[in-house]
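**Q** My structure is in input.cif, and what it holds is mmCIF, C-alpha atoms and all ligand atoms:
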```cif
data_work
#
loop_
_atom_site.label_atom_id
_atom_site.label_comp_id
_atom_site.auth_asym_id
_atom_site.auth_seq_id
_atom_site.Cartn_x
_atom_site.Cartn_y
_atom_site.Cartn_z
CA MET Y 1 3.93 17.31 11.95
CA GLU Y 2 5.04 15.59 8.77
CA SER Y 3 4.10 17.37 5.57
CA VAL Y 4 1.75 15.95 2.95
CA GLN Y 5 4.71 15.57 0.57
CA ALA Y 6 6.76 13.65 3.13
CA ILE Y 7 3.86 11.31 3.81
CA LYS Y 8 3.40 10.67 0.09
CA GLN Y 9 7.04 9.73 -0.22
CA ARG Y 10 6.95 7.55 2.85
CA PHE Y 11 3.85 5.64 1.79
CA GLY Y 12 4.59 5.56 -1.93
CA ILE Y 13 1.56 7.60 -2.86
CA ILE Y 14 1.87 9.16 -6.29
CA GLY Y 15 -0.15 12.17 -7.34
CA ASN Y 16 -0.51 15.82 -6.61
CA THR Y 17 -4.13 16.79 -7.17
CA ALA Y 18 -5.97 18.85 -4.59
CA GLY Y 19 -8.45 16.08 -3.62
CA LEU Y 20 -5.67 13.62 -2.85
CA ASN Y 21 -3.65 16.19 -0.91
CA ARG Y 22 -6.70 17.13 1.14
CA ALA Y 23 -7.37 13.49 2.02
CA ILE Y 24 -3.77 12.99 3.18
CA GLU Y 25 -3.83 16.24 5.11
CA LYS Y 26 -6.95 15.11 6.96
CA ALA Y 27 -5.32 11.76 7.77
CA ILE Y 28 -2.29 13.58 9.22
CA GLN Y 29 -4.48 15.86 11.30
CA VAL Y 30 -6.68 13.15 12.73
CA ALA Y 31 -3.90 10.58 13.32
CA PRO Y 32 -2.77 11.68 16.82
CA THR Y 33 -6.34 11.48 18.16
CA ASP Y 34 -8.42 8.36 18.81
CA ILE Y 35 -11.26 9.54 16.56
CA SER Y 36 -12.88 6.92 14.30
CA VAL Y 37 -12.42 7.53 10.61
CA LEU Y 38 -14.41 6.36 7.62
CA VAL Y 39 -12.52 6.29 4.32
CA THR Y 40 -14.79 6.50 1.30
CA GLY Y 41 -14.22 6.34 -2.43
CA GLU Y 42 -14.74 4.12 -5.44
CA SER Y 43 -13.02 0.79 -5.80
CA GLY Y 44 -9.29 1.05 -6.54
CA VAL Y 45 -8.74 4.68 -5.51
CA GLY Y 46 -6.14 3.84 -2.86
CA LYS Y 47 -8.21 3.75 0.34
CA GLU Y 48 -5.91 1.23 1.97
CA SER Y 49 -3.07 3.72 2.45
CA ILE Y 50 -5.11 5.99 4.69
CA PRO Y 51 -5.47 3.70 7.73
CA LYS Y 52 -1.76 2.85 7.47
CA ILE Y 53 -0.88 6.55 7.57
CA ILE Y 54 -3.19 7.10 10.53
CA HIS Y 55 -1.74 4.18 12.47
CA GLN Y 56 1.87 5.07 11.76
CA LEU Y 57 1.41 8.70 12.79
CA SER Y 58 -0.45 7.83 15.98
CA HIS Y 59 0.74 7.00 19.48
CA ARG Y 60 -0.41 3.46 18.71
CA LYS Y 61 2.24 2.87 16.08
CA HIS Y 62 4.25 0.45 18.22
CA ASN Y 63 1.18 -1.69 18.82
CA LYS Y 64 -0.69 -3.89 16.38
CA TYR Y 65 -2.31 -2.81 13.15
CA ILE Y 66 -4.79 -5.37 11.89
CA ALA Y 67 -6.59 -5.04 8.58
CA VAL Y 68 -9.78 -7.06 8.34
CA ASN Y 69 -11.66 -7.55 5.11
CA CYS Y 70 -15.23 -7.69 6.43
CA GLY Y 71 -16.60 -8.68 3.04
CA ALA Y 72 -14.48 -11.84 2.92
CA ILE Y 73 -15.60 -13.36 6.23
CA PRO Y 74 -18.63 -15.68 6.15
CA GLU Y 75 -21.52 -14.40 8.23
CA GLY Y 76 -21.44 -17.47 10.46
CA THR Y 77 -17.90 -16.87 11.71
CA ILE Y 78 -17.49 -13.12 11.65
CA ASP Y 79 -18.41 -12.51 15.31
CA SER Y 80 -15.99 -15.16 16.43
CA GLU Y 81 -13.22 -13.75 14.19
CA LEU Y 82 -13.72 -10.22 15.43
CA PHE Y 83 -14.57 -10.78 19.09
CA GLY Y 84 -13.31 -14.30 19.82
CA HIS Y 85 -15.15 -17.27 21.27
CA GLU Y 86 -15.34 -19.42 24.36
CA LYS Y 87 -14.49 -23.10 24.29
CA GLY Y 88 -17.65 -25.00 23.39
CA ALA Y 89 -19.48 -21.92 22.06
CA PHE Y 90 -20.31 -23.85 18.89
CA THR Y 91 -19.43 -27.14 17.24
CA GLY Y 92 -15.74 -27.08 16.49
CA ALA Y 93 -14.89 -24.46 19.12
CA THR Y 94 -12.44 -26.74 20.89
CA GLN Y 95 -10.53 -23.93 22.55
CA THR Y 96 -11.14 -20.42 23.77
CA ARG Y 97 -9.92 -17.99 21.14
CA GLN Y 98 -9.13 -14.30 21.09
CA GLY Y 99 -10.71 -12.15 18.40
CA TYR Y 100 -9.03 -9.35 16.46
CA PHE Y 101 -10.37 -6.71 18.85
CA GLU Y 102 -8.68 -8.39 21.78
CA VAL Y 103 -5.44 -9.05 19.90
CA ALA Y 104 -5.25 -5.45 18.67
CA ASP Y 105 -5.70 -3.95 22.16
CA GLY Y 106 -3.72 -0.68 22.20
CA GLY Y 107 -3.48 -0.65 18.41
CA THR Y 108 -5.58 0.04 15.33
CA ILE Y 109 -8.08 -2.08 13.43
CA PHE Y 110 -8.84 -1.34 9.80
CA LEU Y 111 -12.31 -2.61 8.92
CA ASP Y 112 -12.24 -2.78 5.13
CA GLU Y 113 -15.58 -3.11 3.28
CA VAL Y 114 -17.36 -2.24 6.52
CA GLY Y 115 -20.66 -1.93 4.65
CA GLU Y 116 -20.69 -5.73 4.35
CA LEU Y 117 -20.95 -6.34 8.11
CA PRO Y 118 -24.08 -8.28 9.16
CA LEU Y 119 -26.52 -6.30 11.30
CA THR Y 120 -25.88 -8.42 14.42
CA THR Y 121 -22.16 -7.72 14.17
CA GLN Y 122 -22.90 -4.04 13.71
CA VAL Y 123 -24.54 -4.03 17.16
CA ARG Y 124 -21.43 -5.52 18.77
CA LEU Y 125 -19.23 -3.02 16.94
CA LEU Y 126 -21.33 -0.11 18.12
CA ARG Y 127 -20.81 -1.22 21.71
CA ILE Y 128 -17.03 -1.35 21.25
CA LEU Y 129 -17.08 2.11 19.73
CA GLU Y 130 -19.14 3.48 22.57
CA ASN Y 131 -17.34 2.11 25.60
CA GLY Y 132 -14.72 -0.39 24.43
CA GLU Y 133 -16.79 -3.32 25.74
CA PHE Y 134 -17.37 -6.64 24.03
CA LEU Y 135 -18.36 -10.23 24.76
CA LYS Y 136 -16.69 -13.28 23.27
CA VAL Y 137 -19.14 -15.53 21.41
CA GLY Y 138 -20.60 -17.92 24.01
CA SER Y 139 -19.47 -15.83 26.97
CA SER Y 140 -21.32 -13.52 29.33
CA LYS Y 141 -18.19 -11.93 30.73
CA VAL Y 142 -17.81 -8.34 29.56
CA GLN Y 143 -14.28 -7.58 28.36
CA LYS Y 144 -12.64 -4.26 27.55
CA THR Y 145 -10.37 -3.29 24.72
CA ASN Y 146 -8.79 -0.05 23.56
CA VAL Y 147 -8.74 -0.11 19.78
CA ARG Y 148 -8.80 2.73 17.28
CA ILE Y 149 -11.09 1.96 14.37
CA VAL Y 150 -10.59 3.10 10.81
CA ALA Y 151 -13.17 1.74 8.36
CA ALA Y 152 -13.47 1.91 4.60
CA THR Y 153 -16.19 1.37 2.08
CA ASN Y 154 -16.86 1.82 -1.60
CA LEU Y 155 -20.61 1.61 -1.07
CA ASN Y 156 -23.01 4.50 -0.85
CA MET Y 157 -23.61 4.26 2.89
CA LEU Y 158 -26.63 6.53 2.93
CA GLU Y 159 -28.29 4.20 0.45
CA ALA Y 160 -27.35 1.20 2.62
CA ILE Y 161 -28.92 2.95 5.63
CA GLU Y 162 -32.04 3.65 3.60
CA LYS Y 163 -32.30 -0.01 2.68
CA GLU Y 164 -31.78 -0.91 6.36
CA LYS Y 165 -28.59 -2.81 5.60
CA PHE Y 166 -26.50 -0.53 7.75
CA ARG Y 167 -27.31 1.01 11.13
CA GLU Y 168 -27.51 4.76 11.03
CA ASP Y 169 -26.16 5.16 14.58
CA LEU Y 170 -23.13 3.04 13.71
CA TYR Y 171 -22.53 5.02 10.52
CA TYR Y 172 -22.40 8.32 12.43
CA ARG Y 173 -20.20 6.80 15.12
CA LEU Y 174 -17.78 5.39 12.53
CA SER Y 175 -17.63 8.46 10.36
CA THR Y 176 -16.75 11.03 13.00
CA VAL Y 177 -14.23 12.08 10.39
CA ASP Y 178 -14.85 11.20 6.75
CA ILE Y 179 -11.89 11.01 4.40
CA HIS Y 180 -12.91 10.88 0.76
CA LEU Y 181 -10.57 9.81 -2.02
CA PRO Y 182 -11.62 11.18 -5.40
CA PRO Y 183 -11.91 8.87 -8.43
CA LEU Y 184 -9.03 8.83 -10.89
CA ARG Y 185 -11.01 10.59 -13.64
CA GLU Y 186 -11.19 13.61 -11.34
CA ARG Y 187 -7.43 13.54 -10.90
CA GLN Y 188 -6.46 14.39 -14.47
CA ASP Y 189 -2.97 15.59 -13.64
CA ASP Y 190 -2.15 12.31 -11.92
CA ILE Y 191 -3.22 9.86 -14.63
CA HIS Y 192 -0.20 9.98 -16.92
CA LEU Y 193 2.16 10.33 -13.99
CA LEU Y 194 0.76 7.16 -12.41
CA PHE Y 195 0.97 5.36 -15.74
CA ARG Y 196 4.64 6.32 -16.11
CA LYS Y 197 5.38 5.14 -12.59
CA PHE Y 198 3.68 1.78 -13.15
CA ALA Y 199 5.27 1.36 -16.61
CA SER Y 200 8.70 1.93 -15.12
CA ASP Y 201 7.99 -0.49 -12.23
CA PHE Y 202 6.86 -3.22 -14.64
CA ALA Y 203 9.81 -2.61 -16.96
CA LEU Y 204 12.05 -3.32 -14.01
CA LYS Y 205 10.02 -6.31 -12.90
CA TYR Y 206 9.90 -7.95 -16.31
CA LYS Y 207 13.34 -6.73 -17.35
CA MET Y 208 12.12 -5.03 -20.51
CA PRO Y 209 12.36 -1.46 -21.81
CA THR Y 210 9.70 0.89 -20.46
CA VAL Y 211 6.57 1.34 -22.60
CA LYS Y 212 5.85 4.93 -23.67
CA LEU Y 213 2.59 6.46 -24.89
CA THR Y 214 2.22 8.57 -28.03
CA ASP Y 215 0.48 11.94 -27.61
CA ASN Y 216 -2.78 10.51 -28.92
CA ALA Y 217 -2.55 7.59 -26.53
CA ILE Y 218 -2.02 10.03 -23.66
CA GLN Y 219 -5.17 11.90 -24.69
CA LEU Y 220 -7.10 8.62 -24.71
CA LEU Y 221 -5.69 7.73 -21.30
CA LEU Y 222 -6.90 11.06 -19.90
CA LYS Y 223 -10.35 10.75 -21.47
CA HIS Y 224 -11.04 7.26 -20.21
CA ARG Y 225 -13.52 6.84 -17.37
CA TRP Y 226 -11.35 4.49 -15.24
CA SER Y 227 -14.20 2.90 -13.33
CA GLY Y 228 -11.64 0.57 -11.70
CA ASN Y 229 -9.47 3.62 -10.91
CA ILE Y 230 -5.79 3.22 -10.06
CA ARG Y 231 -6.01 -0.56 -9.80
CA GLN Y 232 -7.33 -0.71 -13.39
CA LEU Y 233 -4.69 1.72 -14.64
CA ARG Y 234 -1.99 -0.40 -13.00
CA ASN Y 235 -3.35 -3.60 -14.59
CA ILE Y 236 -3.38 -2.01 -18.02
CA ALA Y 237 0.16 -0.71 -17.59
CA GLU Y 238 1.18 -4.26 -16.64
CA GLN Y 239 -0.57 -5.88 -19.60
CA LEU Y 240 0.99 -3.40 -22.04
CA SER Y 241 4.40 -3.87 -20.47
CA VAL Y 242 4.23 -7.64 -20.80
CA LEU Y 243 2.44 -8.10 -24.10
CA GLU Y 244 3.45 -5.29 -26.46
CA GLN Y 245 6.57 -5.90 -28.56
CA ASP Y 246 6.58 -2.34 -29.84
CA ARG Y 247 7.34 -0.29 -26.74
CA THR Y 248 5.74 2.85 -28.20
CA ILE Y 249 2.04 2.51 -27.49
CA THR Y 250 -0.33 4.16 -29.92
CA ALA Y 251 -3.92 5.21 -29.18
CA ASP Y 252 -5.20 2.22 -31.20
CA THR Y 253 -3.14 -0.23 -29.20
CA LEU Y 254 -4.19 1.34 -25.92
CA ARG Y 255 -7.84 1.30 -27.00
CA SER Y 256 -7.70 -2.44 -27.51
CA TYR Y 257 -6.85 -2.84 -23.81
CA LEU Y 258 -9.61 -0.61 -22.50
CA PRO Y 259 -13.01 -2.17 -21.83
CA ALA Y 260 -15.29 -1.26 -24.74
CA THR Y 261 -18.35 -0.31 -22.70
CA ALA Y 262 -16.44 1.99 -20.41
CA ASN Y 263 -15.16 3.90 -23.45
CA THR Y 264 -18.63 5.03 -24.30
CA ASN Y 265 -19.30 6.19 -20.76
CA LEU Y 266 -19.31 9.83 -19.88
CA PRO Y 267 -15.87 11.11 -20.72
CA ALA Y 268 -14.01 13.01 -18.09
CA ILE Y 269 -13.28 16.64 -18.69
CA ILE Y 270 -9.73 17.18 -19.87
CA LYS Y 271 -7.80 20.21 -18.92
CA THR Y 272 -5.98 21.60 -21.94
CA THR Y 273 -3.63 23.83 -20.00
CA LYS Y 274 -0.50 22.17 -18.81
CA SER Y 275 -0.11 22.65 -15.10
CA GLU Y 276 3.10 22.83 -13.14
CA SER Y 277 2.48 19.36 -11.84
CA ASP Y 278 4.89 17.80 -14.33
CA PHE Y 279 7.70 19.60 -12.67
CA SER Y 280 6.46 18.90 -9.18
CA SER Y 281 6.05 15.22 -10.12
CA GLU Y 282 9.68 14.89 -11.08
CA ARG Y 283 10.48 16.63 -7.86
CA GLU Y 284 8.29 14.15 -6.00
CA ILE Y 285 10.22 11.25 -7.47
CA LEU Y 286 13.50 12.87 -6.47
CA TYR Y 287 12.17 13.42 -2.96
CA LYS Y 288 11.28 9.75 -2.81
CA VAL Y 289 14.80 8.72 -3.81
CA LEU Y 290 16.24 11.04 -1.17
CA PHE Y 291 13.82 9.72 1.39
CA ASP Y 292 14.80 6.11 0.64
CA MET Y 293 18.45 7.04 0.98
CA LYS Y 294 17.84 8.71 4.31
CA SER Y 295 15.95 5.69 5.54
CA ASP Y 296 18.83 3.39 4.49
CA LEU Y 297 21.30 5.65 6.22
CA ASN Y 298 19.32 5.56 9.46
CA ASP Y 299 19.15 1.76 9.28
CA LEU Y 300 22.89 1.57 8.74
CA LYS Y 301 23.52 3.97 11.64
CA LYS Y 302 21.39 1.80 13.88
CA LEU Y 303 23.23 -1.34 12.83
CA THR Y 304 26.66 0.25 13.29
CA MET Y 305 25.71 1.49 16.74
CA GLU Y 306 24.53 -1.98 17.74
CA LEU Y 307 27.78 -3.46 16.46
CA MET Y 308 29.85 -0.94 18.39
CA LYS Y 309 27.87 -1.57 21.55
CA SER Y 310 27.84 -5.34 21.36
CA GLY Y 311 31.11 -6.09 19.59
CA ASN Y 312 29.69 -9.47 18.69
CA ILE Y 313 28.82 -9.73 15.00
CA LYS Y 314 26.92 -13.00 15.34
CA ASP Y 315 24.60 -11.64 18.07
CA VAL Y 316 23.87 -8.49 16.11
CA GLU Y 317 23.27 -10.54 12.98
CA LYS Y 318 20.77 -12.69 14.84
CA ASP Y 319 18.94 -9.85 16.60
CA HIS Y 320 18.69 -7.70 13.48
CA GLU Y 321 18.07 -10.29 10.81
CA GLY Y 322 15.11 -8.29 9.46
CA LEU Y 323 17.05 -5.05 9.28
CA ILE Y 324 20.04 -6.69 7.56
CA GLN Y 325 17.73 -8.33 5.05
CA LYS Y 326 16.12 -4.95 4.43
CA ILE Y 327 19.39 -3.11 3.89
CA TYR Y 328 21.23 -5.72 1.88
CA GLY Y 329 18.30 -7.58 0.32
CA GLY Y 330 18.04 -11.30 -0.41
CA ASP Y 331 19.90 -13.41 -2.95
CA ASP Y 332 16.95 -14.19 -5.08
CA ASP Y 333 16.57 -11.99 -8.15
CA SER Y 334 12.86 -12.15 -8.61
CA GLU Y 335 12.25 -11.30 -5.00
CA ASP Y 336 14.40 -8.20 -5.31
CA PHE Y 337 12.41 -7.00 -8.25
CA GLU Y 338 9.17 -7.64 -6.47
CA THR Y 339 10.39 -5.53 -3.60
CA ALA Y 340 11.46 -2.83 -6.00
CA GLU Y 341 7.99 -2.77 -7.40
CA ASP Y 342 6.56 -2.63 -3.93
CA SER Y 343 9.00 -0.01 -2.74
CA ALA Y 344 6.14 2.40 -3.15
CA GLU Y 345 4.64 0.69 -0.12
CA VAL Y 346 6.52 1.70 2.94
CA LEU Y 347 4.25 -0.35 5.11
CA SER Y 348 4.03 -3.57 3.23
CA ILE Y 349 2.02 -6.62 4.10
CA PRO Y 350 4.11 -9.60 3.06
CA GLU Y 351 2.21 -12.15 0.97
CA HIS Y 352 2.95 -14.91 3.43
CA SER Y 353 1.36 -13.08 6.33
CA SER Y 354 -2.13 -13.02 4.90
CA SER Y 355 -3.19 -14.57 8.16
CA ILE Y 356 -1.91 -13.94 11.62
CA GLU Y 357 -1.15 -16.51 14.24
CA ASP Y 358 -3.61 -17.08 16.99
CA PRO Y 359 -1.82 -16.00 20.18
CA SER Y 360 -3.24 -19.04 21.93
CA GLY Y 361 -1.37 -21.12 19.40
CA SER Y 362 -4.42 -22.96 18.16
CA ASP Y 363 -6.47 -21.87 15.19
CA LYS Y 364 -5.31 -19.42 12.54
CA TYR Y 365 -6.81 -16.06 11.77
CA HIS Y 366 -7.85 -16.26 8.21
CA PHE Y 367 -9.24 -12.90 7.30
CA ALA Y 368 -6.90 -10.34 8.76
CA GLU Y 369 -3.54 -9.05 7.75
CA GLU Y 370 -1.07 -7.72 10.19
CA ILE Y 371 1.51 -5.24 9.07
CA GLU Y 372 4.97 -6.40 9.77
CA GLU Y 373 8.04 -4.40 9.13
CA GLU Y 374 8.96 -1.70 6.70
CA GLU Y 375 10.41 -3.08 3.48
CA THR Y 376 12.16 -0.75 1.10
CA LEU Y 377 14.81 -1.79 -1.34
CA SER Y 378 17.93 0.24 -0.83
CA LEU Y 379 19.22 2.44 -3.59
CA HIS Y 380 22.48 0.53 -3.49
CA ASP Y 381 20.66 -2.75 -4.21
CA LYS Y 382 18.63 -1.24 -7.02
CA GLU Y 383 21.72 0.17 -8.68
CA LEU Y 384 23.65 -3.05 -8.26
CA GLU Y 385 20.78 -5.05 -9.70
CA LEU Y 386 20.43 -2.73 -12.70
CA ILE Y 387 24.15 -2.95 -13.46
CA LYS Y 388 24.18 -6.74 -13.11
CA LYS Y 389 21.20 -7.18 -15.40
CA SER Y 390 22.52 -4.79 -17.99
CA LEU Y 391 25.89 -6.57 -18.08
CA GLU Y 392 24.11 -9.90 -18.40
CA ARG Y 393 21.97 -8.62 -21.25
CA HIS Y 394 25.06 -7.45 -23.11
CA ASN Y 395 27.17 -10.51 -22.34
CA GLY Y 396 29.51 -8.48 -20.17
CA LYS Y 397 30.16 -5.84 -22.84
CA ARG Y 398 30.73 -2.73 -20.76
CA LYS Y 399 30.38 -0.25 -23.57
CA LEU Y 400 26.83 -1.40 -24.39
CA ALA Y 401 25.83 -1.72 -20.75
CA ALA Y 402 27.14 1.77 -19.99
CA ALA Y 403 25.18 3.19 -22.93
CA GLU Y 404 22.01 1.46 -21.74
CA LEU Y 405 22.48 2.71 -18.18
CA GLY Y 406 23.24 6.23 -19.40
CA ILE Y 407 26.62 6.42 -17.68
CA SER Y 408 30.17 6.61 -18.98
CA GLU Y 409 32.23 3.46 -19.37
CA ARG Y 410 34.62 4.80 -16.80
CA THR Y 411 31.83 5.25 -14.23
CA LEU Y 412 30.61 1.74 -14.98
CA TYR Y 413 34.11 0.40 -14.44
CA ARG Y 414 34.28 2.20 -11.09
CA LYS Y 415 30.90 0.71 -10.07
CA ILE Y 416 31.99 -2.79 -11.08
CA LYS Y 417 35.01 -2.41 -8.84
CA GLN Y 418 32.96 -0.86 -6.03
CA PHE Y 419 30.31 -3.59 -6.07
CA ASP Y 420 32.89 -6.28 -6.68
CA LEU Y 421 31.06 -7.62 -9.72
N1 LIG P 501 -1.78 7.33 -5.31
C1 LIG P 501 -1.32 6.10 -5.57
N2 LIG P 501 -0.05 5.94 -5.97
C2 LIG P 501 0.41 4.71 -6.27
N3 LIG P 501 -0.32 3.59 -6.22
C3 LIG P 501 -1.59 3.71 -5.82
C4 LIG P 501 -2.15 4.96 -5.47
N4 LIG P 501 -3.43 4.77 -5.12
C5 LIG P 501 -3.67 3.45 -5.25
N5 LIG P 501 -2.58 2.82 -5.67
C6 LIG P 501 -2.47 1.37 -5.96
O1 LIG P 501 -3.70 0.99 -6.55
C7 LIG P 501 -4.13 -0.28 -6.07
C8 LIG P 501 -5.51 -0.17 -5.47
O2 LIG P 501 -5.48 0.57 -4.26
P1 LIG P 501 -6.29 0.11 -2.95
O3 LIG P 501 -6.18 -1.37 -2.76
O4 LIG P 501 -5.90 0.97 -1.80
O5 LIG P 501 -7.76 0.46 -3.43
P2 LIG P 501 -9.11 0.55 -2.58
O6 LIG P 501 -9.55 1.97 -2.60
O7 LIG P 501 -8.90 -0.09 -1.26
O8 LIG P 501 -10.11 -0.31 -3.49
P3 LIG P 501 -11.29 -1.35 -3.06
O9 LIG P 501 -12.44 -0.51 -2.60
O10 LIG P 501 -11.58 -2.09 -4.31
O11 LIG P 501 -10.72 -2.22 -1.98
C9 LIG P 501 -3.06 -0.74 -5.10
O12 LIG P 501 -2.16 -1.57 -5.79
C10 LIG P 501 -2.38 0.56 -4.68
O13 LIG P 501 -1.06 0.34 -4.28
MG MG P 502 -9.47 -2.00 -0.51
#
```
As a first step, turn the structure in this file into structure tokens.

**A**
Amino acid sequence: MESVQAIKQRFGIIGNTAGLNRAIEKAIQVAPTDISVLVTGESGVGKESIPKIIHQLSHRKHNKYIAVNCGAIPEGTIDSELFGHEKGAFTGATQTRQGYFEVADGGTIFLDEVGELPLTTQVRLLRILENGEFLKVGSSKVQKTNVRIVAATNLNMLEAIEKEKFREDLYYRLSTVDIHLPPLRERQDDIHLLFRKFASDFALKYKMPTVKLTDNAIQLLLKHRWSGNIRQLRNIAEQLSVLEQDRTITADTLRSYLPATANTNLPAIIKTTKSESDFSSEREILYKVLFDMKSDLNDLKKLTMELMKSGNIKDVEKDHEGLIQKIYGGDDDSEDFETAEDSAEVLSIPEHSSSIEDPSGSDKYHFAEEIEEEETLSLHDKELELIKKSLERHNGKRKLAAAELGISERTLYRKIKQFDL
């Protein structure tokens, strides 16, 4: 069984607090079973990683993973999106169409914002959970599917049940195992670490020096309530990285980016003792680098083996276009940096695949995302890109570029030769 640390590296999850580790541990334990899981936690705490971990560590990993945002689908079309429809079931239903539950047969469906499902859809979902049966809209033929369901919500489900917005029986069926992600304010040791990670990602993305916080700014960061959790912290790191000329951020500057009302909210309790997590965080980052290298090496091994077997470069190039792209990256600069930023996400959902193709070739699925392939930027590409950019910034002056990169001129010269720059 993969360790919690290994999973964090693989899925680009930063942090080391007990609540986060427990959540990941639970995901690892439950993954090999078919048990339904409900992921709970405030908005922006990172719930979306959990179903990906569960799917990837399950026997379903070679089948489809479909993420559906239940809150984004209009009530009138949700049943048809999820369960499909027969030709003529309603005006505009010109063809029979499969729903996500049919398409994902053998795989996993992630029902995000499950608390938003209309009550009629909840009844259909309960039936699937109980015996795998469903009916397409406009059909009386019972169909079967074998789908593992992971759901997520940031609502208080017990309150929703009380208000009769959510069926109690469905809630218990969905939450056979409950995985709770704690809010950021309860993960004190992770706040500054996450900020540093995001600041370094955005420095790379926008090709600027990394912003750093003064001690007072760090204290303010730790005290803040972070009602938007990690998403909010990431946004603020991005704004500071883009807008601040002075790369040393003081408490006053940081304060001007934090929402005023939230500042007056209950402050979180700050631990004054320094824990060992600083050290373990650096270690985590090193692990991640090693993990990326190992993954690149495996990809290269696979490619070499294919080449040896086939002996035909063109065929191998064609069959493994995705893998080659992944190892060697594209030509476009901005895309490379975007991938670098996303390298935290081992399972990434490419922007362009925000909808999946209808297998029948007719309509499009508008509300689901299907995970495609793993996309990590290789260490080689990152290094090459950094060297190129630094040389550009210093008009080819090696001495300055070497100083910026923190390497000797001689090493830089060797790299230039090696990468044929
Ligand atoms: N531990 C983490 N390390 C690095 N990035 C994280 C971590 N947790 C969350 N993030 C990032 O924070 C952002 C928000 O996470 P995510 O979309 O999973 O939130 P969520 O819990 O699904 O929120 P919502 O309920 O609003 O949908 C994403 O960009 C995600 O990559
Ligand atoms: Mg979400």

**Q** Just to confirm, what's the straight-line distance from CA of Phe166 in chain Y to CA of Val45 in chain Y in Å (one decimal)?

**A**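 Separation between CA of Phe166 in chain Y and CA of Val45 in chain Y: 22.8 Å.
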
**Q** Leaving out Leu38 in chain Y and any residue of its chain fewer than 4 positions from it, which residues lie within 8 Å of it when counting only C-alpha atoms, given as a list in words?

**A**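 Here the qualifying residues turn out to be Val150, Ala151, Ala152, Thr153, Leu174, Ser175, Thr176, Val177, Asp178 and Ile179 of chain Y.
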
**Q** Here is a test: counting all atoms listed in the file, which residue of Y:His192, Y:Arg231, Y:Arg97, Y:Lys388 is nearest to ligand MG 502 (chain P)?

**A**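 Closest candidate: Y:Arg231.
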
**Q** For a test of reading the model, state the distance in Å between CA of Ser390 in chain Y and CA of Ala403 in chain Y, rounded to one decimal.

**A**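 Straight-line distance from CA of Ser390 in chain Y to CA of Ala403 in chain Y works out to 9.8 Å.
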
**Q** From the options Y:Glu409, Y:Glu113, Y:Asp189, Y:Asp105, which residue's atoms come nearest to ligand MG 502 (chain P), counting only C-alpha atoms and all ligand atoms?

**A**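 Once distances to ligand MG 502 (chain P) are computed over only C-alpha atoms and all ligand atoms, the minimum belongs to Y:Glu113.
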
**Q** Which residues are near ligand MG 502 (chain P) - at most 12 Å, using all atoms listed in the file? Format: as a PyMOL selection string.

**A** chain Y and resi 39-51+67-72+110-114+151-155+181+228-231

**Q** Write a file of the selected residues as an mmCIF file, keeping the file's coordinate frame, keeping C-alpha atoms.

**A**
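out-v1.cif written:
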```cif
data_model
loop_
_atom_site.group_PDB
_atom_site.id
_atom_site.type_symbol
_atom_site.label_atom_id
_atom_site.label_comp_id
_atom_site.auth_asym_id
_atom_site.auth_seq_id
_atom_site.Cartn_x
_atom_site.Cartn_y
_atom_site.Cartn_z
ATOM 1 C CA VAL Y 39 -12.520 6.290 4.320
ATOM 2 C CA THR Y 40 -14.790 6.500 1.300
ATOM 3 C CA GLY Y 41 -14.220 6.340 -2.430
ATOM 4 C CA GLU Y 42 -14.740 4.120 -5.440
ATOM 5 C CA SER Y 43 -13.020 0.790 -5.800
ATOM 6 C CA GLY Y 44 -9.290 1.050 -6.540
ATOM 7 C CA VAL Y 45 -8.740 4.680 -5.510
ATOM 8 C CA GLY Y 46 -6.140 3.840 -2.860
ATOM 9 C CA LYS Y 47 -8.210 3.750 0.340
ATOM 10 C CA GLU Y 48 -5.910 1.230 1.970
ATOM 11 C CA SER Y 49 -3.070 3.720 2.450
ATOM 12 C CA ILE Y 50 -5.110 5.990 4.690
ATOM 13 C CA PRO Y 51 -5.470 3.700 7.730
ATOM 14 C CA ALA Y 67 -6.590 -5.040 8.580
ATOM 15 C CA VAL Y 68 -9.780 -7.060 8.340
ATOM 16 C CA ASN Y 69 -11.660 -7.550 5.110
ATOM 17 C CA CYS Y 70 -15.230 -7.690 6.430
ATOM 18 C CA GLY Y 71 -16.600 -8.680 3.040
ATOM 19 C CA ALA Y 72 -14.480 -11.840 2.920
ATOM 20 C CA PHE Y 110 -8.840 -1.340 9.800
ATOM 21 C CA LEU Y 111 -12.310 -2.610 8.920
ATOM 22 C CA ASP Y 112 -12.240 -2.780 5.130
ATOM 23 C CA GLU Y 113 -15.580 -3.110 3.280
ATOM 24 C CA VAL Y 114 -17.360 -2.240 6.520
ATOM 25 C CA ALA Y 151 -13.170 1.740 8.360
ATOM 26 C CA ALA Y 152 -13.470 1.910 4.600
ATOM 27 C CA THR Y 153 -16.190 1.370 2.080
ATOM 28 C CA ASN Y 154 -16.860 1.820 -1.600
ATOM 29 C CA LEU Y 155 -20.610 1.610 -1.070
ATOM 30 C CA LEU Y 181 -10.570 9.810 -2.020
ATOM 31 C CA GLY Y 228 -11.640 0.570 -11.700
ATOM 32 C CA ASN Y 229 -9.470 3.620 -10.910
ATOM 33 C CA ILE Y 230 -5.790 3.220 -10.060
ATOM 34 C CA ARG Y 231 -6.010 -0.560 -9.800
#
```
